[in-house]
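J.: This is query.cif (mmCIF, C-alpha atoms and all ligand atoms).
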data_final
#
loop_
_atom_site.label_atom_id
_atom_site.label_comp_id
_atom_site.auth_asym_id
_atom_site.auth_seq_id
_atom_site.Cartn_x
_atom_site.Cartn_y
_atom_site.Cartn_z
CA MET A 1 0.00 0.00 0.00
CA GLY A 2 2.91 2.28 0.91
CA ASN A 3 4.45 1.76 -2.55
CA LYS A 4 1.15 2.53 -4.26
CA LYS A 5 0.87 5.78 -2.26
CA ASN A 6 4.43 6.75 -3.21
CA SER A 7 3.93 6.06 -6.90
CA ASP A 8 0.66 8.08 -6.85
CA GLU A 9 2.55 10.99 -5.31
CA ASP A 10 5.36 10.65 -7.88
CA LEU A 11 2.82 10.63 -10.68
CA GLN A 12 1.10 13.71 -9.24
CA LYS A 13 4.44 15.54 -9.05
CA LEU A 14 5.20 14.65 -12.67
CA LEU A 15 1.73 15.80 -13.75
CA ASP A 16 2.22 19.07 -11.87
CA ILE A 17 5.47 19.64 -13.76
CA THR A 18 3.81 18.85 -17.10
CA THR A 19 0.94 21.26 -16.29
CA ASP A 20 3.52 23.94 -15.49
CA LEU A 21 5.10 23.39 -18.90
CA SER A 22 1.94 24.34 -20.76
CA THR A 23 1.65 27.68 -18.95
CA SER A 24 4.85 29.20 -20.31
CA LEU A 25 6.41 29.59 -23.74
CA ASP A 26 9.82 30.79 -22.67
CA VAL A 27 12.25 27.87 -22.82
CA ASP A 28 14.58 29.19 -20.10
CA SER A 29 11.73 29.61 -17.62
CA ILE A 30 10.29 26.18 -18.52
CA LEU A 31 13.65 24.47 -17.94
CA TYR A 32 14.13 26.43 -14.72
CA LYS A 33 10.72 25.17 -13.50
CA ILE A 34 11.44 21.56 -14.50
CA ASN A 35 14.79 21.68 -12.76
CA THR A 36 13.34 23.15 -9.58
CA SER A 37 10.73 20.37 -9.49
CA ALA A 38 13.33 17.72 -10.38
CA SER A 39 15.17 17.87 -7.05
CA SER A 40 11.98 17.50 -4.98
CA LEU A 41 10.80 14.65 -7.24
CA VAL A 42 13.78 12.47 -6.24
CA PHE A 43 14.38 13.97 -2.77
CA ALA A 44 17.70 15.54 -3.78
CA GLU A 45 19.43 18.59 -2.30
CA GLU A 46 20.20 20.08 -5.71
CA SER A 47 19.58 19.36 -9.38
CA SER A 48 20.78 20.73 -12.67
CA ILE A 49 20.29 20.48 -16.42
CA LEU A 50 23.54 20.43 -18.38
CA LEU A 51 23.66 20.71 -22.17
CA PHE A 52 26.40 20.20 -24.74
CA ASP A 53 27.75 23.19 -26.64
CA ASP A 54 27.36 23.05 -30.46
CA GLU A 55 30.70 21.27 -30.99
CA LYS A 56 30.19 18.95 -28.00
CA LEU A 57 33.45 20.14 -26.46
CA TYR A 58 31.91 20.75 -23.03
CA LEU A 59 28.69 20.71 -21.01
CA TYR A 60 27.29 23.96 -19.62
CA PHE A 61 24.67 24.48 -16.91
CA LYS A 62 21.40 25.40 -18.65
CA ALA A 63 19.54 25.39 -15.32
CA ALA A 64 20.79 24.88 -11.77
CA SER A 65 19.13 25.06 -8.38
CA GLY A 66 20.60 26.15 -5.03
CA GLU A 67 22.77 29.02 -3.87
CA LYS A 68 25.74 27.88 -5.97
CA ALA A 69 23.71 28.38 -9.19
CA PRO A 70 25.42 31.71 -10.15
CA ILE A 71 28.86 30.01 -10.02
CA LEU A 72 27.60 26.96 -11.91
CA GLN A 73 26.22 29.16 -14.70
CA LYS A 74 29.82 30.18 -15.48
CA THR A 75 31.23 26.63 -15.12
CA LEU A 76 32.03 24.35 -18.06
CA VAL A 77 32.15 20.60 -17.45
CA THR A 78 34.55 18.28 -19.29
CA ASP A 79 34.94 15.43 -16.79
CA GLY A 80 33.20 13.55 -13.98
CA ILE A 81 29.89 11.68 -13.87
CA ALA A 82 27.84 14.18 -15.93
CA TRP A 83 30.47 14.08 -18.68
CA LEU A 84 30.57 10.26 -18.61
CA VAL A 85 26.76 9.96 -18.85
CA ALA A 86 26.70 12.50 -21.70
CA GLN A 87 29.43 10.57 -23.55
CA THR A 88 27.98 7.07 -23.08
CA GLY A 89 24.24 7.83 -22.98
CA GLU A 90 23.97 5.46 -20.00
CA PRO A 91 22.23 6.68 -16.81
CA MET A 92 24.17 6.34 -13.54
CA ILE A 93 23.54 6.20 -9.81
CA ILE A 94 26.59 6.93 -7.63
CA PRO A 95 25.63 6.07 -4.02
CA ASP A 96 28.92 7.32 -2.55
CA THR A 97 31.28 9.64 -4.42
CA ASN A 98 34.11 8.95 -1.90
CA SER A 99 34.42 5.36 -3.06
CA ASP A 100 33.97 5.99 -6.80
CA ALA A 101 37.03 6.86 -8.89
CA ARG A 102 34.83 8.15 -11.75
CA PHE A 103 33.77 11.11 -9.60
CA SER A 104 36.07 14.04 -10.42
CA GLY A 105 35.18 16.68 -7.81
CA THR A 106 36.16 19.48 -10.24
CA VAL A 107 32.84 21.31 -9.86
CA ASP A 108 32.88 20.88 -6.05
CA SER A 109 36.33 22.50 -5.88
CA MET A 110 34.91 25.54 -7.73
CA THR A 111 31.72 25.86 -5.70
CA GLY A 112 32.76 24.59 -2.29
CA PHE A 113 29.76 22.24 -2.40
CA LYS A 114 30.15 18.67 -1.06
CA THR A 115 28.73 16.09 -3.44
CA LYS A 116 28.03 12.81 -1.68
CA SER A 117 25.70 10.95 -4.04
CA ILE A 118 24.59 11.45 -7.67
CA LEU A 119 21.75 10.46 -9.96
CA CYS A 120 22.42 11.37 -13.59
CA VAL A 121 20.41 10.53 -16.74
CA PRO A 122 21.06 11.47 -20.37
CA ILE A 123 18.78 13.90 -22.24
CA VAL A 124 18.29 12.30 -25.66
CA LEU A 125 16.86 14.16 -28.64
CA GLU A 126 16.20 12.20 -31.84
CA GLY A 127 18.68 9.48 -30.85
CA GLU A 128 21.43 11.92 -29.92
CA VAL A 129 22.56 12.78 -26.38
CA ILE A 130 22.29 16.57 -26.02
CA GLY A 131 22.93 16.81 -22.28
CA VAL A 132 22.13 15.36 -18.86
CA LEU A 133 19.77 15.82 -15.94
CA GLU A 134 21.57 15.44 -12.63
CA ALA A 135 20.50 15.25 -8.98
CA ILE A 136 22.98 15.68 -6.14
CA ASN A 137 22.78 14.28 -2.58
CA ARG A 138 19.60 12.38 -1.76
CA ILE A 139 18.30 13.91 1.47
CA GLU A 140 18.95 12.18 4.82
CA ASN A 141 21.93 10.40 3.23
CA SER A 142 19.67 7.77 1.67
CA THR A 143 20.54 6.29 -1.74
CA PHE A 144 19.00 7.21 -5.09
CA THR A 145 16.77 4.35 -6.20
CA GLU A 146 15.82 2.71 -9.50
CA VAL A 147 12.42 4.43 -9.13
CA ASP A 148 14.21 7.79 -8.91
CA LEU A 149 16.10 6.87 -12.07
CA LYS A 150 12.87 6.04 -13.91
CA LEU A 151 11.24 9.32 -12.80
CA PHE A 152 14.32 11.26 -13.86
CA SER A 153 14.39 9.52 -17.25
CA THR A 154 10.75 10.53 -17.81
CA LEU A 155 11.63 14.09 -16.89
CA ALA A 156 14.65 14.00 -19.24
CA THR A 157 12.27 13.03 -22.07
CA GLN A 158 10.11 16.07 -21.22
CA ILE A 159 13.20 18.28 -21.29
CA ALA A 160 14.15 16.91 -24.73
CA ILE A 161 10.63 17.75 -26.01
CA VAL A 162 10.85 21.30 -24.59
CA ILE A 163 14.24 21.81 -26.27
CA LYS A 164 13.01 20.34 -29.55
CA ASN A 165 9.99 22.67 -29.55
CA ALA A 166 12.21 25.63 -28.72
CA ARG A 167 14.48 24.76 -31.66
CA ILE A 168 11.48 24.47 -34.02
CA ILE A 169 10.24 27.88 -32.86
CA GLU A 170 13.76 29.30 -33.27
CA ASP A 171 13.96 27.89 -36.83
CA GLN A 172 10.54 29.36 -37.67
CA GLN A 173 11.51 32.76 -36.29
CA ASN A 174 14.78 32.62 -38.17
CA PHE A 175 12.87 31.79 -41.38
CA VAL A 176 10.39 34.65 -40.87
CA ILE A 177 13.13 37.18 -40.07
CA ASN A 178 15.05 36.24 -43.23
CA ALA A 179 11.92 36.00 -45.38
CA VAL A 180 10.82 39.48 -44.23
CA GLU A 181 14.25 40.84 -45.20
CA ILE A 182 13.88 39.33 -48.68
CA PHE A 183 10.31 40.74 -48.99
CA VAL A 184 11.50 44.19 -47.93
CA LYS A 185 14.30 44.16 -50.52
CA ALA A 186 11.76 43.26 -53.22
CA ILE A 187 9.24 45.92 -52.03
CA GLU A 188 11.91 48.61 -52.00
CA SER A 189 13.25 47.65 -55.44
CA ILE A 190 9.75 48.00 -56.93
CA GLY A 191 8.98 51.09 -54.82
CA ILE A 192 12.13 52.84 -56.02
CA ILE A 193 11.31 52.01 -59.67
CA MET A 194 7.77 53.37 -59.11
CA GLY A 195 9.30 56.50 -57.56
CA ILE A 196 7.21 56.18 -54.36
CA MET A 197 9.95 55.29 -51.89
CA SER A 198 13.62 55.70 -51.23
CA SER A 199 16.05 52.96 -50.26
CA GLY A 200 15.55 51.91 -46.61
CA HIS A 201 11.95 53.25 -46.53
CA CYS A 202 10.42 50.07 -45.09
CA TRP A 203 13.01 49.68 -42.31
CA ARG A 204 12.77 53.37 -41.37
CA VAL A 205 8.96 53.10 -41.16
CA ALA A 206 9.44 49.99 -38.98
CA GLU A 207 11.97 51.79 -36.79
CA ILE A 208 9.77 54.86 -36.24
CA ALA A 209 6.65 52.73 -35.72
CA THR A 210 8.34 50.51 -33.12
CA THR A 211 9.75 53.58 -31.33
CA ILE A 212 6.20 54.92 -31.01
CA GLY A 213 5.08 51.39 -30.01
CA GLN A 214 7.66 51.25 -27.22
CA ASN A 215 6.47 54.62 -25.92
CA LEU A 216 2.96 53.16 -25.79
CA GLU A 217 4.36 50.07 -24.00
CA ILE A 218 3.19 47.75 -26.77
CA SER A 219 4.89 44.42 -26.17
CA GLY A 220 4.96 40.69 -26.98
CA LYS A 221 2.95 39.49 -29.98
CA ASP A 222 1.42 42.97 -30.53
CA PHE A 223 4.92 44.43 -30.80
CA ASP A 224 6.01 41.73 -33.29
CA ASP A 225 2.86 42.37 -35.37
CA LEU A 226 3.60 46.10 -35.35
CA TYR A 227 7.18 45.48 -36.48
CA TYR A 228 6.22 43.10 -39.31
CA GLY A 229 3.18 45.19 -40.28
CA ALA A 230 5.37 48.30 -40.52
CA ALA A 231 8.19 46.59 -42.44
CA LEU A 232 5.73 44.99 -44.90
CA HIS A 233 3.10 47.76 -45.05
CA ASP A 234 3.61 48.25 -48.81
CA ILE A 235 4.03 44.56 -49.73
CA GLY A 236 0.90 44.85 -51.90
CA ILE A 237 2.88 46.72 -54.55
CA LEU A 238 4.61 43.42 -55.44
CA GLU A 239 1.34 41.85 -56.56
CA GLN A 240 0.19 45.16 -58.01
CA GLN A 241 3.19 45.15 -60.31
CA LYS A 242 2.12 41.73 -61.57
CA ASN A 243 -1.52 42.73 -62.09
CA GLU A 244 -1.13 45.91 -64.03
CA TYR A 245 1.45 47.94 -65.84
CA VAL A 246 2.56 50.70 -63.49
CA GLN A 247 3.84 53.76 -65.27
CA LEU A 248 6.81 55.68 -63.94
CA GLU A 249 4.87 58.93 -64.24
CA PHE A 250 1.71 58.78 -62.13
CA SER A 251 -1.50 60.49 -62.98
CA TYR A 252 -3.24 61.49 -59.78
CA ASN A 253 -6.63 60.00 -60.54
CA ASP A 254 -8.94 57.88 -58.39
CA ASN A 255 -6.56 54.91 -58.47
CA TYR A 256 -3.74 56.81 -56.82
CA ASP A 257 -3.50 58.80 -53.62
CA ALA A 258 -1.77 62.15 -53.20
CA TRP A 259 1.63 60.46 -52.81
CA GLY A 260 1.23 58.41 -55.97
CA ASN A 261 0.52 55.19 -54.05
CA VAL A 262 -1.61 52.70 -55.93
CA LYS A 263 -4.78 52.61 -53.82
CA SER A 264 -5.39 48.87 -53.99
CA HIS A 265 -2.03 47.89 -52.44
CA PRO A 266 -3.22 47.79 -48.77
CA VAL A 267 -5.93 45.18 -49.53
CA ILE A 268 -3.69 43.16 -51.83
CA GLY A 269 -0.88 43.27 -49.24
CA ALA A 270 -3.12 42.19 -46.34
CA ASN A 271 -4.40 39.26 -48.42
CA MET A 272 -0.82 38.24 -49.19
CA VAL A 273 0.18 37.79 -45.54
CA GLU A 274 -3.06 36.78 -43.79
CA ASN A 275 -2.57 33.06 -44.49
CA ILE A 276 1.00 33.03 -43.17
CA ALA A 277 0.45 32.13 -39.49
CA LEU A 278 3.46 34.03 -38.11
CA LEU A 279 2.63 37.16 -40.14
CA SER A 280 -1.18 37.11 -40.05
CA GLY A 281 -1.22 39.62 -37.15
CA ALA A 282 0.37 42.12 -39.54
CA ALA A 283 -2.52 41.83 -42.05
CA PRO A 284 -4.89 44.39 -40.40
CA ILE A 285 -1.98 46.85 -40.09
CA ILE A 286 -1.15 46.47 -43.77
CA ARG A 287 -4.83 46.75 -44.79
CA HIS A 288 -5.45 49.94 -42.81
CA HIS A 289 -2.17 51.88 -43.06
CA HIS A 290 -3.75 54.39 -45.48
CA GLU A 291 -6.92 55.00 -43.43
CA ASN A 292 -7.21 58.63 -42.28
CA TYR A 293 -8.12 59.61 -38.73
CA ASP A 294 -11.03 61.70 -40.04
CA GLY A 295 -12.42 58.80 -42.08
CA THR A 296 -11.33 60.08 -45.51
CA GLY A 297 -8.71 57.37 -46.13
CA TYR A 298 -8.83 54.00 -47.85
CA PRO A 299 -9.66 51.13 -48.32
CA ASP A 300 -12.51 51.08 -45.75
CA GLY A 301 -12.91 54.74 -44.74
CA LEU A 302 -12.46 53.85 -41.06
CA LYS A 303 -12.40 56.70 -38.55
CA GLY A 304 -10.54 57.42 -35.26
CA ASP A 305 -10.31 54.40 -32.95
CA GLU A 306 -11.99 52.18 -35.58
CA ILE A 307 -8.58 52.09 -37.26
CA PRO A 308 -6.34 49.50 -35.54
CA LEU A 309 -3.85 51.27 -33.24
CA SER A 310 -0.80 49.78 -34.98
CA ALA A 311 -2.12 50.89 -38.40
CA ARG A 312 -2.50 54.45 -37.00
CA ILE A 313 1.10 54.22 -35.75
CA VAL A 314 2.39 53.09 -39.17
CA ALA A 315 0.45 55.97 -40.79
CA VAL A 316 2.43 58.47 -38.67
CA ALA A 317 5.74 56.82 -39.61
CA GLU A 318 4.69 56.61 -43.27
CA MET A 319 3.70 60.29 -43.39
CA TYR A 320 7.06 61.34 -41.94
CA GLU A 321 8.94 59.13 -44.37
CA ASN A 322 7.02 60.37 -47.43
CA ALA A 323 7.41 64.00 -46.36
CA LEU A 324 11.13 63.39 -45.91
CA LEU A 325 11.37 61.96 -49.42
CA ASN A 326 9.61 65.03 -50.84
CA SER A 327 11.62 67.64 -48.89
CA GLN A 328 14.88 69.31 -49.82
CA PRO A 329 17.90 67.82 -48.00
CA VAL A 330 18.51 71.02 -46.02
CA GLY A 331 16.22 70.99 -42.96
CA ALA A 332 14.34 67.99 -44.36
CA ARG A 333 13.74 66.40 -40.96
CA GLU A 334 12.21 69.57 -39.48
CA ILE A 335 10.07 70.16 -42.58
CA ALA A 336 8.87 66.54 -42.47
CA LYS A 337 8.06 66.84 -38.75
CA ARG A 338 5.97 69.97 -39.41
CA GLU A 339 4.15 68.07 -42.17
CA VAL A 340 3.28 65.34 -39.65
CA GLU A 341 2.19 67.95 -37.09
CA LYS A 342 -0.09 69.63 -39.64
CA SER A 343 -1.82 66.30 -40.33
CA ALA A 344 -2.85 65.67 -36.72
CA ASN A 345 -6.66 65.25 -36.42
CA THR A 346 -7.17 65.00 -40.18
CA ILE A 347 -4.97 62.22 -41.52
CA LEU A 348 -3.25 61.22 -38.28
CA ASP A 349 -4.17 60.38 -34.69
CA PRO A 350 -3.21 63.53 -32.69
CA LEU A 351 -2.10 61.52 -29.64
CA LEU A 352 0.31 59.47 -31.75
CA VAL A 353 1.60 62.59 -33.49
CA ASN A 354 2.49 64.02 -30.07
CA ILE A 355 4.27 60.85 -29.04
CA PHE A 356 6.16 60.81 -32.36
CA LEU A 357 7.24 64.47 -32.05
CA THR A 358 8.49 63.93 -28.51
CA ALA A 359 10.16 60.57 -29.23
CA LEU A 360 12.02 61.53 -32.40
FE FE B 1 5.15 53.18 -47.51
FE FE B 2 1.33 52.31 -48.55
#
Translate the structure described by the file into structure tokens.

T.:
Amino acid sequence: MGNKKNSDEDLQKLLDITTDLSTSLDVDSILYKINTSASSLVFAEESSILLFDDEKLYLYFKAASGEKAPILQKTLVTDGIAWLVAQTGEPMIIPDTNSDARFSGTVDSMTGFKTKSILCVPIVLEGEVIGVLEAINRIENSTFTEVDLKLFSTLATQIAIVIKNARIIEDQQNFVINAVEIFVKAIESIGIIMGIMSSGHCWRVAEIATTIGQNLEISGKDFDDLYYGAALHDIGILEQQKNEYVQLEFSYNDNYDAWGNVKSHPVIGANMVENIALLSGAAPIIRHHHENYDGTGYPDGLKGDEIPLSARIVAVAEMYENALLNSQPVGAREIAKREVEKSANTILDPLLVNIFLTAL
């Protein structure tokens, strides 16, 4: 009965850890939580997660519990039990470090900690050992058991999944960042040919927009959407170029706005990104970046707060950029700022204009 009770408690602890995992997306905080729970799961004084560097030359402490953690975070491991487990992929229980020649004591000599017993299991990702999960000193000088080893192995599998997911997310983010750079190059090449933007236009709009965003304390996903929405606000001109012949000299008729922008590009652009999961949050910003605060803009004639906040922010940045392009080099920045100021309440949100004028 006692064993049944213990295994129920172990299971509950493991479930608690797994529940914790689903509440956070940040890999460092997830691993920190797993590691903190790991020591209590096997009744150990301390525990740590060690991972290989890219070349597998050493192990470093990805997460460590206890007061020695700050020292461990700067410590690289190339010998001892953790190193052996990482090299062989075989889990180990060391009941007494004093009588085991494989124990190196290198880390103890750096931290002043006294390691008496060790439980160490490999963290395996897609058949490859990427690190180890280690527990030090079972409390009350008892010995780590085979049950502890099984629990730790289960936890090591969870850690591998967390790291795998983090790498997938990293790869996706890397792809999006590079894809956005390629898109921006293409937009600017077309924009320059059309005579509606100068080189670096998209990045400057993104920079100004995110500066305003920071002043408004926009953060997380909303901040990413603002950044991508601002960088890609004119992406519609790529498709536009395919759909119709765009002349170098613009006639300012119904199809073009006062700056010579083809009026359909916000809708085309929003449609282009809305099915890309990581960029879909930028779609409303792209669609509405030419709406005017007084409702006279396009494509939907939205007014005031009906226009998404980030689209209103991009409009301020866009206005400044376009005014800069159309001003003489001498005093261009001041002239462009006055242009933005004049447009408060009509084209632009007055609150955002104020923030822009103070921030820039
Ligand atoms: Fe633009
Ligand atoms: Fe535009």

J.: I'd like the neighbourhood of segment 125-131 of chain A as a PDB file with C-alpha atoms, in the frame of the given file, where a residue qualifies if any of its atoms comes within 12 Å (using all atoms listed in the file), though same-chain residues fewer than 4 positions away should be ignored.

T.:
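Output contents, as saved in selection04.pdb:
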ATOM      1  CA  SER A  48      20.780  20.730 -12.670  1.00  0.00           C
ATOM      2  CA  ILE A  49      20.290  20.480 -16.420  1.00  0.00           C
ATOM      3  CA  LEU A  50      23.540  20.430 -18.380  1.00  0.00           C
ATOM      4  CA  LEU A  51      23.660  20.710 -22.170  1.00  0.00           C
ATOM      5  CA  PHE A  52      26.400  20.200 -24.740  1.00  0.00           C
ATOM      6  CA  ASP A  53      27.750  23.190 -26.640  1.00  0.00           C
ATOM      7  CA  ASP A  54      27.360  23.050 -30.460  1.00  0.00           C
ATOM      8  CA  GLU A  55      30.700  21.270 -30.990  1.00  0.00           C
ATOM      9  CA  LYS A  56      30.190  18.950 -28.000  1.00  0.00           C
ATOM     10  CA  LEU A  57      33.450  20.140 -26.460  1.00  0.00           C
ATOM     11  CA  TYR A  58      31.910  20.750 -23.030  1.00  0.00           C
ATOM     12  CA  LEU A  59      28.690  20.710 -21.010  1.00  0.00           C
ATOM     13  CA  TYR A  60      27.290  23.960 -19.620  1.00  0.00           C
ATOM     14  CA  PHE A  61      24.670  24.480 -16.910  1.00  0.00           C
ATOM     15  CA  LYS A  62      21.400  25.400 -18.650  1.00  0.00           C
ATOM     16  CA  ALA A  63      19.540  25.390 -15.320  1.00  0.00           C
ATOM     17  CA  VAL A  77      32.150  20.600 -17.450  1.00  0.00           C
ATOM     18  CA  ALA A  82      27.840  14.180 -15.930  1.00  0.00           C
ATOM     19  CA  TRP A  83      30.470  14.080 -18.680  1.00  0.00           C
ATOM     20  CA  LEU A  84      30.570  10.260 -18.610  1.00  0.00           C
ATOM     21  CA  VAL A  85      26.760   9.960 -18.850  1.00  0.00           C
ATOM     22  CA  ALA A  86      26.700  12.500 -21.700  1.00  0.00           C
ATOM     23  CA  GLN A  87      29.430  10.570 -23.550  1.00  0.00           C
ATOM     24  CA  THR A  88      27.980   7.070 -23.080  1.00  0.00           C
ATOM     25  CA  GLY A  89      24.240   7.830 -22.980  1.00  0.00           C
ATOM     26  CA  GLU A  90      23.970   5.460 -20.000  1.00  0.00           C
ATOM     27  CA  PRO A  91      22.230   6.680 -16.810  1.00  0.00           C
ATOM     28  CA  CYS A 120      22.420  11.370 -13.590  1.00  0.00           C
ATOM     29  CA  VAL A 121      20.410  10.530 -16.740  1.00  0.00           C
ATOM     30  CA  ALA A 156      14.650  14.000 -19.240  1.00  0.00           C
ATOM     31  CA  THR A 157      12.270  13.030 -22.070  1.00  0.00           C
ATOM     32  CA  GLN A 158      10.110  16.070 -21.220  1.00  0.00           C
ATOM     33  CA  ILE A 159      13.200  18.280 -21.290  1.00  0.00           C
ATOM     34  CA  ALA A 160      14.150  16.910 -24.730  1.00  0.00           C
ATOM     35  CA  ILE A 161      10.630  17.750 -26.010  1.00  0.00           C
ATOM     36  CA  VAL A 162      10.850  21.300 -24.590  1.00  0.00           C
ATOM     37  CA  ILE A 163      14.240  21.810 -26.270  1.00  0.00           C
ATOM     38  CA  LYS A 164      13.010  20.340 -29.550  1.00  0.00           C
ATOM     39  CA  ASN A 165       9.990  22.670 -29.550  1.00  0.00           C
ATOM     40  CA  ARG A 167      14.480  24.760 -31.660  1.00  0.00           C
TER      41      ARG A 167
END

J.: 10 Å from ligand FE 1 (chain B) is the threshold here; counting only C-alpha atoms and all ligand atoms, which polymer residues fall inside it? Answer as a PyMOL selection string.

T.: chain A and resi 187-188+191+196-198+201-202+204-205+230-235+237+259+261+286+289-290+314-315+317-319+321-322

J.: Could you list, as an MDAnalysis selection string, every residue within 10 Å of Ser104 of chain A, counting all atoms listed in the file and ignoring same-chain residues fewer than 3 positions away?

T.: chainID A and resid 78:83 97 100:101 107:109

J.: Any idea what's packed within 12 Å of Asn354 of chain A, counting all atoms listed in the file, ignoring anything in its chain fewer than 3 positions away? Could you give it as an MDAnalysis selection string?

T.: chainID A and resid 212 215:216 313 316 337:338 340:345 348:351 357:360

J.: Pick out the closest residue to ligand FE 2 (chain B) from this set: A:Glu339, A:Leu352, A:Val330, A:Ile268. Count only C-alpha atoms and all ligand atoms.

T.: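 Under the stated criterion, the closest residue is A:Ile268.
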
J.: So which one's closest to ligand FE 2 (chain B), A:Lys150, A:Lys116, A:Arg287, A:Arg138? Using all atoms listed in the file, please.

T.: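 Under the stated criterion, the closest residue is A:Arg287.
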
J.: Which value, in Å to one decimal, gives the distance between atom CA of Val124 of chain A and atom CA of Met110 of chain A?

T.: 27.8 Å

J.: As a ChimeraX atom specification, please: the residues near Ser39 of chain A (cut-off 9 Å, all atoms listed in the file, same-chain neighbours under 3 positions excluded).

T.: /A:35-36,42-48,65,134-136,138

J.: Hey, which of A:Thr75, A:Ser153, A:Ser310, A:Asn326 ends up closest to Tyr228 of chain A? Count all atoms listed in the file.

T.: A:Ser310

J.: With distances taken over only C-alpha atoms and all ligand atoms, which of A:Lys13, A:Lys68, A:Lys221, A:Lys263 is nearest to ligand FE 2 (chain B)?

T.: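 Ranked by minimum distance to ligand FE 2 (chain B), first place goes to A:Lys263.
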
J.: Suppose you want the space between atom CA of Ile335 of chain A and atom CA of Ala323 of chain A; what is it in Å?

T.: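 Going from atom CA of Ile335 of chain A over to atom CA of Ala323 of chain A, I get 7.7 Å.
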
J.: What's the separation between atom CA of Leu14 of chain A and atom CA of Ser29 of chain A, in Å to one decimal place?

T.: 17.1 Å

J.: Select, from A:Thr111, A:Gln240, A:Ser40, A:Ser117, the residue with the minimum atom-to-atom distance to ligand FE 2 (chain B), counting all atoms listed in the file.

T.: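 Residue with the minimum atom-to-atom distance to ligand FE 2 (chain B): A:Gln240.
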
J.: Could you rebuild segment 272-285 of chain A with N, CA and C atoms and give it back as a compact mmCIF listing (two decimals), in the coordinates of the input?

T.:
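Output contents, as saved in part_3.txt:
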# COMPACT_ATOMS: atom_id res chain seq x y z
N MET A 272 -2.06 39.01 -48.98
CA MET A 272 -0.82 38.24 -49.19
C MET A 272 -0.29 37.61 -47.91
N VAL A 273 -0.43 38.31 -46.77
CA VAL A 273 0.18 37.79 -45.54
C VAL A 273 -0.81 37.09 -44.59
N GLU A 274 -2.12 37.26 -44.83
CA GLU A 274 -3.06 36.78 -43.79
C GLU A 274 -3.06 35.26 -43.62
N ASN A 275 -2.61 34.53 -44.63
CA ASN A 275 -2.57 33.06 -44.49
C ASN A 275 -1.22 32.55 -43.99
N ILE A 276 -0.29 33.45 -43.75
CA ILE A 276 1.00 33.03 -43.17
C ILE A 276 0.87 33.20 -41.65
N ALA A 277 0.79 32.07 -40.92
CA ALA A 277 0.45 32.13 -39.49
C ALA A 277 1.28 33.16 -38.72
N LEU A 278 2.61 33.15 -38.92
CA LEU A 278 3.46 34.03 -38.11
C LEU A 278 3.36 35.50 -38.52
N LEU A 279 2.75 35.76 -39.70
CA LEU A 279 2.63 37.16 -40.14
C LEU A 279 1.19 37.64 -40.19
N SER A 280 0.23 36.75 -39.86
CA SER A 280 -1.18 37.11 -40.05
C SER A 280 -1.59 38.31 -39.18
N GLY A 281 -0.91 38.47 -38.02
CA GLY A 281 -1.22 39.62 -37.15
C GLY A 281 -0.86 40.94 -37.80
N ALA A 282 -0.03 40.89 -38.84
CA ALA A 282 0.37 42.12 -39.54
C ALA A 282 -0.67 42.53 -40.58
N ALA A 283 -1.56 41.57 -40.95
CA ALA A 283 -2.52 41.83 -42.05
C ALA A 283 -3.41 43.06 -41.81
N PRO A 284 -4.04 43.20 -40.61
CA PRO A 284 -4.89 44.39 -40.40
C PRO A 284 -4.09 45.70 -40.47
N ILE A 285 -2.82 45.64 -40.05
CA ILE A 285 -1.98 46.85 -40.09
C ILE A 285 -1.72 47.24 -41.54
